[in-house]
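With mmCIF, C-alpha atoms and all ligand atoms inside, this is protein.cif:
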```cif
data_protein
loop_
_atom_site.group_PDB
_atom_site.id
_atom_site.type_symbol
_atom_site.label_atom_id
_atom_site.label_comp_id
_atom_site.auth_asym_id
_atom_site.auth_seq_id
_atom_site.Cartn_x
_atom_site.Cartn_y
_atom_site.Cartn_z
ATOM 1 C CA MET A 1 92.655 192.079 -11.726
ATOM 2 C CA LYS A 2 90.530 191.310 -14.739
ATOM 3 C CA VAL A 3 91.300 188.042 -16.466
ATOM 4 C CA HIS A 4 89.606 187.500 -19.808
ATOM 5 C CA VAL A 5 90.009 183.741 -19.875
ATOM 6 C CA LYS A 6 88.909 180.995 -17.594
ATOM 7 C CA SER A 7 89.585 177.346 -16.924
ATOM 8 C CA LYS A 8 89.190 175.002 -19.902
ATOM 9 C CA ASP A 9 89.380 177.827 -22.443
ATOM 10 C CA GLU A 10 91.564 177.186 -25.496
ATOM 11 C CA VAL A 11 94.128 179.931 -25.774
ATOM 12 C CA ILE A 12 97.052 180.925 -27.957
ATOM 13 C CA VAL A 13 100.217 182.417 -26.522
ATOM 14 C CA ILE A 14 101.021 185.760 -28.125
ATOM 15 C CA SER A 15 104.368 186.566 -26.536
ATOM 16 C CA GLY A 16 107.340 184.937 -24.888
ATOM 17 C CA LYS A 17 109.159 181.746 -25.798
ATOM 18 C CA ASP A 18 105.947 179.792 -26.326
ATOM 19 C CA LYS A 19 104.552 182.361 -28.757
ATOM 20 C CA GLY A 20 102.177 180.751 -31.216
ATOM 21 C CA SER A 21 101.545 177.696 -29.054
ATOM 22 C CA THR A 22 98.052 176.772 -28.083
ATOM 23 C CA GLY A 23 96.724 174.985 -25.051
ATOM 24 C CA LYS A 24 93.967 174.634 -22.574
ATOM 25 C CA VAL A 25 93.773 176.872 -19.526
ATOM 26 C CA LEU A 26 94.367 174.753 -16.448
ATOM 27 C CA ALA A 27 94.088 177.434 -13.804
ATOM 28 C CA VAL A 28 93.438 181.134 -13.453
ATOM 29 C CA ASN A 29 94.675 183.281 -10.616
ATOM 30 C CA PRO A 30 92.595 186.462 -10.641
ATOM 31 C CA LYS A 31 94.654 187.989 -7.828
ATOM 32 C CA SER A 32 97.885 187.945 -9.762
ATOM 33 C CA GLY A 33 96.276 188.071 -13.204
ATOM 34 C CA ARG A 34 98.182 184.957 -14.202
ATOM 35 C CA VAL A 35 97.089 181.798 -15.911
ATOM 36 C CA THR A 36 98.466 178.287 -16.217
ATOM 37 C CA VAL A 37 98.139 176.761 -19.663
ATOM 38 C CA GLU A 38 98.586 173.101 -20.496
ATOM 39 C CA GLY A 39 102.038 172.507 -22.006
ATOM 40 C CA ILE A 40 103.022 176.187 -21.901
ATOM 41 C CA ALA A 41 105.944 177.658 -19.953
ATOM 42 C CA MET A 42 107.162 174.274 -18.823
ATOM 43 C CA VAL A 43 109.623 174.404 -15.981
ATOM 44 C CA THR A 44 111.679 171.657 -14.469
ATOM 45 C CA LYS A 45 111.464 171.185 -10.772
ATOM 46 C CA HIS A 46 113.536 168.998 -8.568
ATOM 47 C CA GLN A 47 111.300 167.298 -6.139
ATOM 48 C CA LYS A 48 112.653 166.098 -2.865
ATOM 49 C CA SER A 49 111.610 162.701 -1.764
ATOM 50 C CA ARG A 50 108.564 163.126 0.381
ATOM 51 C CA ALA A 51 108.281 159.765 1.985
ATOM 52 C CA GLN A 52 110.789 157.236 3.091
ATOM 53 C CA GLY A 53 111.692 154.904 0.305
ATOM 54 C CA GLN A 54 110.147 157.169 -2.306
ATOM 55 C CA PRO A 55 112.781 158.666 -4.545
ATOM 56 C CA GLY A 56 112.834 162.324 -5.338
ATOM 57 C CA GLY A 57 112.912 163.247 -8.949
ATOM 58 C CA ILE A 58 112.578 165.794 -11.638
ATOM 59 C CA ILE A 59 109.102 166.883 -12.565
ATOM 60 C CA HIS A 60 107.969 169.012 -15.440
ATOM 61 C CA LYS A 61 105.309 171.485 -14.600
ATOM 62 C CA GLU A 62 103.593 174.468 -16.179
ATOM 63 C CA ALA A 63 104.502 177.851 -14.752
ATOM 64 C CA ALA A 64 101.892 180.567 -14.525
ATOM 65 C CA ILE A 65 102.141 183.250 -17.182
ATOM 66 C CA ASP A 66 100.586 186.671 -17.399
ATOM 67 C CA ALA A 67 97.047 186.548 -18.734
ATOM 68 C CA SER A 68 97.878 189.387 -21.139
ATOM 69 C CA ASN A 69 100.211 186.979 -22.943
ATOM 70 C CA VAL A 70 97.369 184.779 -24.102
ATOM 71 C CA MET A 71 94.394 185.272 -26.356
ATOM 72 C CA LEU A 72 91.254 183.230 -26.323
ATOM 73 C CA ILE A 73 90.619 180.994 -29.298
ATOM 74 C CA CYS A 74 86.979 181.218 -30.213
ATOM 75 C CA GLN A 75 85.400 177.784 -30.471
ATOM 76 C CA LYS A 76 82.858 179.106 -32.957
ATOM 77 C CA CYS A 77 85.126 180.669 -35.574
ATOM 78 C CA GLY A 78 88.452 179.102 -34.546
ATOM 79 C CA LYS A 79 90.252 182.430 -34.483
ATOM 80 C CA ALA A 80 92.275 184.035 -31.734
ATOM 81 C CA SER A 81 90.011 186.771 -30.604
ATOM 82 C CA ARG A 82 89.546 189.559 -28.148
ATOM 83 C CA VAL A 83 86.746 188.959 -25.731
ATOM 84 C CA GLY A 84 83.805 191.285 -25.477
ATOM 85 C CA ILE A 85 81.537 191.420 -22.481
ATOM 86 C CA ASN A 86 77.838 191.939 -22.954
ATOM 87 C CA ILE A 87 75.390 192.272 -20.131
ATOM 88 C CA VAL A 88 72.231 190.315 -20.805
ATOM 89 C CA ASP A 89 69.551 190.239 -18.123
ATOM 90 C CA GLY A 90 72.133 191.377 -15.589
ATOM 91 C CA LYS A 91 74.480 188.528 -16.478
ATOM 92 C CA LYS A 92 77.864 188.908 -18.052
ATOM 93 C CA ILE A 93 78.094 187.110 -21.370
ATOM 94 C CA ARG A 94 81.435 186.742 -23.114
ATOM 95 C CA THR A 95 81.385 187.220 -26.836
ATOM 96 C CA CYS A 96 83.919 186.829 -29.621
ATOM 97 C CA LYS A 97 84.901 190.152 -31.169
ATOM 98 C CA LYS A 98 85.505 188.429 -34.496
ATOM 99 C CA CYS A 99 82.282 186.548 -35.047
ATOM 100 C CA SER A 100 80.140 188.077 -32.292
ATOM 101 C CA GLN A 101 79.091 184.652 -31.090
ATOM 102 C CA GLN A 102 78.562 183.973 -27.450
ATOM 103 C CA ILE A 103 81.571 182.100 -26.089
ATOM 104 C CA ASP A 104 80.306 180.362 -22.969
HETATM 105 ZN ZN ZN A 201 84.501 183.773 -32.983
#
```
Output the file's structure as structure tokens, nothing else.
Ligand SMILES: [Zn+2]
Amino acid sequence: MKVHVKSKDEVIVISGKDKGSTGKVLAVNPKSGRVTVEGIAMVTKHQKSRAQGQPGGIIHKEAAIDASNVMLICQKCGKASRVGINIVDGKKIRTCKKCSQQID
């Protein structure tokens, strides 16, 4: 599964209930093609108490969303952009399709 974003990228959500929200990629799962984005797709989980004397509680946590639901925000031009891949000296370089700047 090809994921066009990676950890620490700024992305914008382009579909779902968080559409239009931006955040930083916390984790990428290439196997499932899903990403976790800071503050996006928050879910509430009831946590059982793990240790004696430690109360269980409710925690808020980001759920993974499909990578196709986010677009990278280019740090150079500040626009949500598709990502191009160029091969330079055998290395993959990500580029912004809007401003053609190298992203990494
Ligand atoms: Zn750009």
By how many Å are atom CA of Glu62 of chain A and atom CA of Lys31 of chain A apart?
18.2 Å
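If you count all atoms listed in the file and ignore residues fewer than 5 places along the chain from Gly84 of chain A, what sits within 8 Å of it is Arg94, Thr95, Cys96 and Lys97 of chain A.
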Can you check which parts of chain A lie within 8 Å of ligand ZN 201 (chain A)? Per residue, the shortest pair of atoms and distance in Å to one decimal, counting only C-alpha atoms and all ligand atoms, sorted by chain and number, as CSV.
```
residue,atom,partner,partner_atom,distance
A:Ile73,CA,A:ZN201,ZN,7.7
A:Cys74,CA,A:ZN201,ZN,4.5
A:Gln75,CA,A:ZN201,ZN,6.6
A:Lys76,CA,A:ZN201,ZN,4.9
A:Cys77,CA,A:ZN201,ZN,4.1
A:Gly78,CA,A:ZN201,ZN,6.3
A:Lys79,CA,A:ZN201,ZN,6.1
A:Ala80,CA,A:ZN201,ZN,7.9
A:Ser81,CA,A:ZN201,ZN,6.7
A:Thr95,CA,A:ZN201,ZN,7.7
A:Cys96,CA,A:ZN201,ZN,4.6
A:Lys97,CA,A:ZN201,ZN,6.6
A:Lys98,CA,A:ZN201,ZN,5.0
A:Cys99,CA,A:ZN201,ZN,4.1
A:Ser100,CA,A:ZN201,ZN,6.2
A:Gln101,CA,A:ZN201,ZN,5.8
A:Ile103,CA,A:ZN201,ZN,7.7
```
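Here atom CA of Gln47 of chain A stands at a distance of 11.2 Å from atom CA of Lys61 of chain A.
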Please write the residues picked by the PyMOL selection byres (((chain A and resi 70) around 7) and not hetatm) on this file as a ChimeraX atom specification.
/A:11-14,67-69,71-72
The selected residues should be written to file as a PDB file, in the coordinates of the input (atoms: C-alpha atoms).
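The result, stored in again-v9.pdb:
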```pdb
ATOM      1  CA  VAL A  11      94.128 179.931 -25.774  1.00  0.00           C
ATOM      2  CA  ILE A  12      97.052 180.925 -27.957  1.00  0.00           C
ATOM      3  CA  VAL A  13     100.217 182.417 -26.522  1.00  0.00           C
ATOM      4  CA  ILE A  14     101.021 185.760 -28.125  1.00  0.00           C
ATOM      5  CA  ALA A  67      97.047 186.548 -18.734  1.00  0.00           C
ATOM      6  CA  SER A  68      97.878 189.387 -21.139  1.00  0.00           C
ATOM      7  CA  ASN A  69     100.211 186.979 -22.943  1.00  0.00           C
ATOM      8  CA  MET A  71      94.394 185.272 -26.356  1.00  0.00           C
ATOM      9  CA  LEU A  72      91.254 183.230 -26.323  1.00  0.00           C
TER      10      LEU A  72
END
```
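Here atom CA of Lys48 of chain A stands at a distance of 21.5 Å from atom CA of Ala64 of chain A.
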For a quick check of understanding, using only C-alpha atoms, which of A:Asp66, A:Thr36, A:Ser21, A:Asn29 has the smallest distance to Lys8 of chain A?
A:Thr36
Apply the PyMOL selection byres (((chain A and resi 28) around 9) and not hetatm) to the displayed file and report the matching residues as a PyMOL selection string.
chain A and resi 3+5-7+25-27+29-37+64+67
Counting all atoms listed in the file, what is within 10 Å of Ile93 of chain A, bar same-chain residues fewer than 2 positions away, as a list in words?
Val83, Gly84, Ile85, Asn86, Ile87, Val88, Asp89, Gly90, Lys91, Thr95, Gln102, Ile103 and Asp104 of chain A
Using only C-alpha atoms, which of A:Ile59, A:Gly20, A:Gly53, A:His4 sits nearest Lys92 of chain A?
A:His4
Enclose the full set of atoms of segment 15-20 of chain A listed in the file within a box whose edges lie along x, y and z, apply 3 Å of padding to each of the six sides, and report centre and edge lengths in Å to one decimal as AutoDock Vina command-line options.
```
--center_x 105.7 --center_y 183.2 --center_z -28.1 --size_x 13.0 --size_y 12.8 --size_z 12.3
```
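For the residues A:Lys17, A:Lys24, A:Gly57, A:Ala51, ranking by smallest atom-to-atom distance to Gly39 of chain A using only C-alpha atoms places A:Lys24 first.
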